[in-house]
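Asks: Dropping in coords36.txt, which is compact mmCIF, C-alpha atoms:
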```
# COMPACT_ATOMS: atom_id res chain seq x y z
CA MET A 1 14.15 181.23 -91.68
CA ARG A 2 15.87 179.49 -94.61
CA GLN A 3 18.41 180.89 -97.07
CA ARG A 4 17.97 180.41 -100.78
CA TRP A 5 21.08 179.05 -102.50
CA LYS A 6 21.95 178.57 -106.15
CA PRO A 7 21.31 175.07 -107.55
CA GLY A 8 24.03 172.61 -106.58
CA THR A 9 24.83 169.02 -105.73
CA MET A 10 23.73 169.07 -102.09
CA LEU A 11 22.29 165.56 -101.81
CA ASN A 12 24.30 164.11 -98.91
CA PRO A 13 25.49 161.77 -97.51
CA LEU A 14 26.44 159.44 -100.33
CA PRO A 15 28.16 156.07 -100.30
CA ALA A 16 31.91 156.34 -100.76
CA VAL A 17 32.77 153.38 -102.98
CA LEU A 18 35.85 152.12 -104.76
CA VAL A 19 35.13 151.25 -108.36
CA SER A 20 37.55 148.74 -109.83
CA CYS A 21 37.97 148.51 -113.58
CA ALA A 22 40.31 147.00 -116.14
CA ALA A 23 41.05 147.14 -119.86
CA GLY A 24 44.05 146.61 -122.09
CA GLY A 25 46.03 144.81 -119.41
CA ARG A 26 45.68 147.60 -116.81
CA SER A 27 43.41 147.68 -113.80
CA ASN A 28 42.63 150.63 -111.59
CA LEU A 29 40.60 151.88 -108.66
CA ILE A 30 38.62 155.12 -108.60
CA THR A 31 36.75 156.59 -105.66
CA VAL A 32 33.16 157.43 -106.55
CA ALA A 33 30.43 159.00 -104.42
CA TRP A 34 28.04 159.69 -107.29
CA THR A 35 26.49 156.26 -107.44
CA GLY A 36 23.21 154.63 -106.61
CA THR A 37 20.53 152.07 -107.29
CA ILE A 38 18.40 152.56 -110.41
CA ASN A 39 16.20 149.47 -110.57
CA THR A 40 15.37 146.25 -108.73
CA ASN A 41 14.32 143.93 -111.55
CA PRO A 42 16.57 143.74 -113.44
CA PRO A 43 19.07 144.90 -110.81
CA MET A 44 20.77 148.06 -112.05
CA LEU A 45 22.96 150.84 -110.69
CA TYR A 46 24.90 153.79 -111.98
CA ILE A 47 28.17 155.59 -111.43
CA SER A 48 29.02 159.06 -112.72
CA VAL A 49 32.63 159.72 -113.78
CA ARG A 50 34.38 162.68 -115.38
CA PRO A 51 35.60 161.77 -118.91
CA GLU A 52 39.12 163.06 -118.17
CA ARG A 53 39.62 160.53 -115.37
CA PHE A 54 41.90 157.58 -116.19
CA SER A 55 39.28 155.04 -115.12
CA TYR A 56 36.71 156.52 -117.50
CA GLY A 57 38.62 155.14 -120.49
CA LEU A 58 39.08 151.72 -118.88
CA ILE A 59 35.36 151.44 -118.15
CA LYS A 60 34.38 152.71 -121.59
CA ASP A 61 36.74 150.24 -123.30
CA SER A 62 35.69 147.19 -121.26
CA MET A 63 32.07 148.20 -120.55
CA GLU A 64 32.46 146.61 -117.09
CA PHE A 65 33.27 147.72 -113.56
CA THR A 66 32.87 146.55 -109.97
CA VAL A 67 31.47 148.70 -107.17
CA ASN A 68 33.22 147.85 -103.89
CA LEU A 69 31.65 149.11 -100.66
CA THR A 70 34.19 150.71 -98.30
CA THR A 71 34.71 150.48 -94.56
CA GLU A 72 36.30 152.58 -91.84
CA ALA A 73 39.45 150.46 -92.19
CA MET A 74 39.54 151.33 -95.90
CA ALA A 75 38.98 155.10 -95.46
CA ARG A 76 42.57 156.18 -96.08
CA ALA A 77 42.89 154.01 -99.22
CA THR A 78 39.47 155.22 -100.42
CA ASP A 79 40.53 158.85 -100.15
CA TRP A 80 43.95 158.17 -101.71
CA CYS A 81 42.37 156.49 -104.75
CA GLY A 82 40.23 159.59 -105.23
CA VAL A 83 43.07 162.11 -105.25
CA ARG A 84 45.73 160.20 -107.20
CA SER A 85 45.54 159.18 -110.85
CA GLY A 86 45.94 155.67 -112.17
CA ARG A 87 47.94 157.24 -115.01
CA ASP A 88 50.71 157.91 -112.49
CA TYR A 89 50.32 155.20 -109.84
CA ASP A 90 49.51 151.53 -109.40
CA LYS A 91 46.76 152.12 -106.86
CA TRP A 92 46.65 148.46 -105.82
CA ALA A 93 50.34 148.54 -104.86
CA GLU A 94 50.21 152.01 -103.30
CA THR A 95 47.20 151.27 -101.07
CA GLY A 96 47.94 147.63 -100.29
CA LEU A 97 44.43 146.64 -101.34
CA THR A 98 44.03 143.15 -102.73
CA PRO A 99 42.79 142.60 -106.29
CA VAL A 100 40.56 139.52 -106.47
CA PRO A 101 39.71 138.15 -109.93
CA GLY A 102 36.19 138.96 -111.06
CA VAL A 103 33.64 136.16 -111.20
CA ASP A 104 31.20 137.52 -113.79
CA VAL A 105 33.33 140.40 -115.15
CA GLY A 106 36.91 140.78 -116.35
CA CYS A 107 37.92 143.35 -113.74
CA PRO A 108 39.02 142.58 -110.18
CA SER A 109 37.15 143.32 -106.99
CA VAL A 110 38.71 144.61 -103.76
CA GLY A 111 39.40 141.76 -101.35
CA GLU A 112 38.98 144.00 -98.29
CA SER A 113 35.52 145.16 -99.36
CA PRO A 114 32.58 143.59 -97.51
CA LEU A 115 30.47 143.61 -100.67
CA SER A 116 31.48 143.84 -104.33
CA ILE A 117 28.89 144.43 -107.04
CA GLU A 118 29.96 143.35 -110.53
CA CYS A 119 28.41 145.39 -113.33
CA ARG A 120 28.13 145.45 -117.10
CA VAL A 121 27.52 148.83 -118.74
CA ARG A 122 24.25 149.11 -120.60
CA GLU A 123 24.49 152.78 -121.60
CA ILE A 124 26.77 155.79 -121.21
CA MET A 125 24.86 159.02 -120.77
CA PRO A 126 26.87 162.26 -121.27
CA LEU A 127 25.48 164.80 -118.81
CA GLY A 128 28.01 167.65 -118.73
CA SER A 129 30.91 167.50 -116.26
CA HIS A 130 30.23 163.79 -115.69
CA HIS A 131 29.04 160.89 -117.79
CA MET A 132 26.69 158.38 -116.21
CA PHE A 133 27.44 154.69 -116.69
CA ILE A 134 24.10 152.90 -116.41
CA ALA A 135 24.82 149.27 -115.65
CA ASP A 136 23.25 145.88 -115.06
CA VAL A 137 24.34 144.10 -111.89
CA VAL A 138 25.64 140.71 -113.06
CA GLY A 139 27.09 139.39 -109.81
CA VAL A 140 27.55 140.16 -106.13
CA GLN A 141 30.40 138.88 -103.94
CA ALA A 142 29.80 139.04 -100.17
CA ASP A 143 32.27 138.62 -97.31
CA GLU A 144 31.28 135.34 -95.63
CA THR A 145 32.26 136.63 -92.18
CA LEU A 146 29.30 139.05 -92.35
CA ILE A 147 26.73 136.35 -93.07
CA ASP A 148 24.78 134.97 -90.10
CA PRO A 149 25.17 131.16 -90.28
CA GLN A 150 21.70 130.57 -88.76
CA THR A 151 19.64 132.98 -90.87
CA GLY A 152 21.83 133.53 -93.93
CA ALA A 153 21.25 137.28 -93.49
CA PHE A 154 24.04 139.64 -94.50
CA ASP A 155 24.97 142.12 -91.74
CA LEU A 156 26.23 145.25 -93.49
CA GLY A 157 25.91 147.10 -90.17
CA ALA A 158 28.83 145.07 -88.85
CA ALA A 159 30.95 146.12 -91.84
CA ARG A 160 31.34 149.69 -90.51
CA LEU A 161 30.71 151.32 -93.89
CA ILE A 162 31.72 154.89 -94.65
CA SER A 163 29.90 157.65 -96.47
CA TYR A 164 30.89 160.93 -98.10
CA SER A 165 29.26 164.25 -97.30
CA HIS A 166 30.26 167.63 -98.68
CA GLY A 167 34.01 166.94 -98.83
CA ALA A 168 34.36 164.68 -95.79
CA TYR A 169 34.16 160.97 -94.97
CA TYR A 170 31.96 159.71 -92.14
CA ALA A 171 31.46 156.45 -90.31
CA THR A 172 27.91 155.16 -90.47
CA GLY A 173 25.88 155.72 -87.33
CA GLN A 174 23.66 153.58 -85.22
CA LYS A 175 20.63 151.77 -86.55
CA LEU A 176 17.46 153.80 -85.99
CA GLY A 177 14.93 151.27 -87.25
CA ARG A 178 14.07 148.93 -90.11
CA PHE A 179 11.92 149.80 -93.09
CA GLY A 180 8.33 150.14 -91.86
CA PHE A 181 9.20 150.65 -88.18
CA SER A 182 7.11 153.82 -88.04
CA VAL A 183 3.89 151.94 -88.74
CA LYS A 184 4.64 148.59 -87.16
CA LYS A 185 2.05 147.43 -84.62
CA LYS A 186 3.43 146.94 -81.14
```
Can you present the structure in this file as structure tokens?

Replies:
Amino acid sequence: MRQRWKPGTMLNPLPAVLVSCAAGGRSNLITVAWTGTINTNPPMLYISVRPERFSYGLIKDSMEFTVNLTTEAMARATDWCGVRSGRDYDKWAETGLTPVPGVDVGCPSVGESPLSIECRVREIMPLGSHHMFIADVVGVQADETLIDPQTGAFDLGAARLISYSHGAYYATGQKLGRFGFSVKKK
């Protein structure tokens, strides 16, 4: 038996990311779980942000942001950046996270992040409570300690990423298989 519920945002879990942004001499971090891949070629992603958030104005003014994946070690800072406003706090100083100058964008990335995805906004789509920033990926910065020197493969599993699900943060679980494992010949 299943219950019928009213429509809601029940797609879970989601990546819990720190989005770094900068404009007018100020940089900030905002925690975002409403994010995802849109396209492969060209590489594109989106983030959805409420217009009243401090970071919304920074992103809209600069038309750039960086998505920084978060780890178990970053969980406390990730949560803190989601419940405090950049209008009132210097989130870099308060969390102890390290701003690293952007390579292809004018905003910093988070030094502690295993993977930072630099983005340039292509379109802002007002949707209601949130506006979606549709963006082109213009650069990716990867932590060299997670790259296998023999294969060059990036091991995100070793990064111990976190996710967000219905108000709580979770560590990622064990690997169950690779894409196509269900049909792979033995």

Asks: To one decimal place, how far is atom CA of A:Ile30 from atom CA of A:Val49 in Å?

Replies: 9.2 Å

Asks: Between atom CA of A:Met63 and atom CA of A:Ala77, what is the distance, to one decimal in Å?

Replies: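 Computing the Euclidean distance for atom CA of A:Met63 and atom CA of A:Ala77 yields 24.6 Å.
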
Asks: Please determine, counting only C-alpha atoms, which residue among A:Pro42, A:Pro114, A:Gly139, A:Pro101 has the shortest atom-to-atom distance to A:Ala73.

Replies: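 Among the listed residues, A:Pro114 lies closest to A:Ala73.
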
Asks: Considering all atoms listed in the file, can you say which of A:Lys60, A:Arg84, A:His166, A:Arg76 comes closest to A:Leu11?

Replies: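 Closest to A:Leu11 of all the choices is A:His166.
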
Asks: Applying 10 Å and all atoms listed in the file, which residues near A:Lys91 remain after dropping the ones on its own chain fewer than 4 positions away? List them as a PyMOL selection string.

Replies: chain A and resi 27-30+77+80-81+84-87+95-97

Asks: Find, counting all atoms listed in the file, the residue in A:Ala135, A:Leu58, A:Val103, A:Ala75 that gets nearest to A:Arg26.

Replies: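 Answer, going by the shortest atom-to-atom distance: A:Leu58.
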
Asks: Could you check which residues have any atom within 10 Å of (24.1, 142.7, -95.3), counting only C-alpha atoms with coordinates taken straight from the file, and then list them as a list in words?

Replies: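 In the file's frame, the residues around the point are Pro114, Leu115, Ala142, Asp143, Leu146, Ile147, Asp148, Gly152, Ala153, Phe154, Asp155, Leu156, Gly157, Ala158 and Ala159 of chain A.
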
Asks: Looking at A:Asp104, A:Glu118, A:Asp61, A:Asp79, which one is nearest to A:Ile162, with distances taken over all atoms listed in the file?

Replies: A:Asp79

Asks: Using the incomplete input, complete stretch 84-95 of chain A to the level of all heavy atoms; output as an mmCIF file, in the frame of the given file.

Replies:
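Writing done, so here's result.cif:
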```
data_model
loop_
_atom_site.group_PDB
_atom_site.id
_atom_site.type_symbol
_atom_site.label_atom_id
_atom_site.label_comp_id
_atom_site.auth_asym_id
_atom_site.auth_seq_id
_atom_site.Cartn_x
_atom_site.Cartn_y
_atom_site.Cartn_z
ATOM 1 N N ARG A 84 44.591 160.573 -106.360
ATOM 2 C CA ARG A 84 45.730 160.200 -107.200
ATOM 3 C C ARG A 84 45.216 159.551 -108.473
ATOM 4 O O ARG A 84 44.186 158.890 -108.479
ATOM 5 C CB ARG A 84 46.661 159.220 -106.471
ATOM 6 C CG ARG A 84 47.313 159.809 -105.246
ATOM 7 C CD ARG A 84 48.312 160.869 -105.637
ATOM 8 N NE ARG A 84 49.039 161.344 -104.476
ATOM 9 C CZ ARG A 84 49.261 162.621 -104.226
ATOM 10 N NH1 ARG A 84 48.803 163.546 -105.046
ATOM 11 N NH2 ARG A 84 49.931 162.967 -103.163
ATOM 12 N N SER A 85 45.963 159.715 -109.549
ATOM 13 C CA SER A 85 45.540 159.180 -110.850
ATOM 14 C C SER A 85 46.201 157.846 -111.141
ATOM 15 O O SER A 85 47.398 157.653 -110.905
ATOM 16 C CB SER A 85 45.898 160.167 -111.963
ATOM 17 O OG SER A 85 45.611 159.584 -113.221
ATOM 18 N N GLY A 86 45.417 156.944 -111.710
ATOM 19 C CA GLY A 86 45.940 155.670 -112.170
ATOM 20 C C GLY A 86 46.897 155.817 -113.344
ATOM 21 O O GLY A 86 47.601 154.867 -113.695
ATOM 22 N N ARG A 87 46.933 156.988 -113.964
ATOM 23 C CA ARG A 87 47.940 157.240 -115.010
ATOM 24 C C ARG A 87 49.340 157.263 -114.418
ATOM 25 O O ARG A 87 50.308 156.932 -115.076
ATOM 26 C CB ARG A 87 47.675 158.590 -115.689
ATOM 27 C CG ARG A 87 46.531 158.618 -116.625
ATOM 28 C CD ARG A 87 46.441 159.997 -117.336
ATOM 29 N NE ARG A 87 45.236 160.063 -118.111
ATOM 30 C CZ ARG A 87 44.085 160.553 -117.664
ATOM 31 N NH1 ARG A 87 43.989 161.024 -116.445
ATOM 32 N NH2 ARG A 87 43.021 160.571 -118.444
ATOM 33 N N ASP A 88 49.422 157.689 -113.140
ATOM 34 C CA ASP A 88 50.710 157.910 -112.490
ATOM 35 C C ASP A 88 51.076 156.864 -111.438
ATOM 36 O O ASP A 88 52.236 156.765 -111.055
ATOM 37 C CB ASP A 88 50.707 159.282 -111.807
ATOM 38 C CG ASP A 88 50.373 160.408 -112.768
ATOM 39 O OD1 ASP A 88 50.833 160.367 -113.935
ATOM 40 O OD2 ASP A 88 49.630 161.331 -112.364
ATOM 41 N N TYR A 89 50.086 156.126 -110.946
ATOM 42 C CA TYR A 89 50.320 155.200 -109.840
ATOM 43 C C TYR A 89 49.612 153.866 -110.080
ATOM 44 O O TYR A 89 48.556 153.823 -110.693
ATOM 45 C CB TYR A 89 49.756 155.765 -108.527
ATOM 46 C CG TYR A 89 50.438 157.005 -108.051
ATOM 47 C CD1 TYR A 89 49.929 158.263 -108.369
ATOM 48 C CD2 TYR A 89 51.578 156.943 -107.262
ATOM 49 C CE1 TYR A 89 50.545 159.421 -107.917
ATOM 50 C CE2 TYR A 89 52.202 158.092 -106.808
ATOM 51 C CZ TYR A 89 51.677 159.329 -107.133
ATOM 52 O OH TYR A 89 52.290 160.468 -106.688
ATOM 53 N N ASP A 90 50.201 152.816 -109.524
ATOM 54 C CA ASP A 90 49.510 151.530 -109.400
ATOM 55 C C ASP A 90 48.792 151.597 -108.061
ATOM 56 O O ASP A 90 49.400 151.422 -106.997
ATOM 57 C CB ASP A 90 50.522 150.376 -109.434
ATOM 58 C CG ASP A 90 49.885 149.012 -109.203
ATOM 59 O OD1 ASP A 90 48.725 148.941 -108.733
ATOM 60 O OD2 ASP A 90 50.563 148.007 -109.470
ATOM 61 N N LYS A 91 47.507 151.889 -108.096
ATOM 62 C CA LYS A 91 46.760 152.120 -106.860
ATOM 63 C C LYS A 91 46.659 150.873 -105.992
ATOM 64 O O LYS A 91 46.584 150.976 -104.770
ATOM 65 C CB LYS A 91 45.380 152.689 -107.176
ATOM 66 C CG LYS A 91 45.450 154.094 -107.756
ATOM 67 C CD LYS A 91 44.058 154.644 -107.986
ATOM 68 C CE LYS A 91 44.087 155.998 -108.654
ATOM 69 N NZ LYS A 91 42.717 156.542 -108.828
ATOM 70 N N TRP A 92 46.665 149.707 -106.602
ATOM 71 C CA TRP A 92 46.650 148.460 -105.820
ATOM 72 C C TRP A 92 47.916 148.392 -104.960
ATOM 73 O O TRP A 92 47.842 148.141 -103.752
ATOM 74 C CB TRP A 92 46.564 147.244 -106.727
ATOM 75 C CG TRP A 92 45.317 147.176 -107.540
ATOM 76 C CD1 TRP A 92 45.171 147.513 -108.866
ATOM 77 C CD2 TRP A 92 44.023 146.741 -107.114
ATOM 78 N NE1 TRP A 92 43.876 147.314 -109.268
ATOM 79 C CE2 TRP A 92 43.149 146.835 -108.220
ATOM 80 C CE3 TRP A 92 43.514 146.278 -105.902
ATOM 81 C CZ2 TRP A 92 41.801 146.479 -108.155
ATOM 82 C CZ3 TRP A 92 42.178 145.924 -105.832
ATOM 83 C CH2 TRP A 92 41.337 146.029 -106.940
ATOM 84 N N ALA A 93 49.065 148.615 -105.584
ATOM 85 C CA ALA A 93 50.340 148.540 -104.860
ATOM 86 C C ALA A 93 50.461 149.658 -103.830
ATOM 87 O O ALA A 93 50.907 149.426 -102.705
ATOM 88 C CB ALA A 93 51.508 148.598 -105.848
ATOM 89 N N GLU A 94 50.063 150.853 -104.190
ATOM 90 C CA GLU A 94 50.210 152.010 -103.300
ATOM 91 C C GLU A 94 49.322 151.912 -102.063
ATOM 92 O O GLU A 94 49.708 152.365 -100.988
ATOM 93 C CB GLU A 94 49.890 153.303 -104.049
ATOM 94 C CG GLU A 94 50.871 153.642 -105.164
ATOM 95 C CD GLU A 94 52.233 154.097 -104.663
ATOM 96 O OE1 GLU A 94 52.349 154.577 -103.514
ATOM 97 O OE2 GLU A 94 53.203 153.976 -105.442
ATOM 98 N N THR A 95 48.132 151.340 -102.199
ATOM 99 C CA THR A 95 47.200 151.270 -101.070
ATOM 100 C C THR A 95 47.297 149.952 -100.303
ATOM 101 O O THR A 95 46.806 149.861 -99.180
ATOM 102 C CB THR A 95 45.746 151.427 -101.537
ATOM 103 O OG1 THR A 95 45.429 150.361 -102.439
ATOM 104 C CG2 THR A 95 45.529 152.779 -102.201
#
```
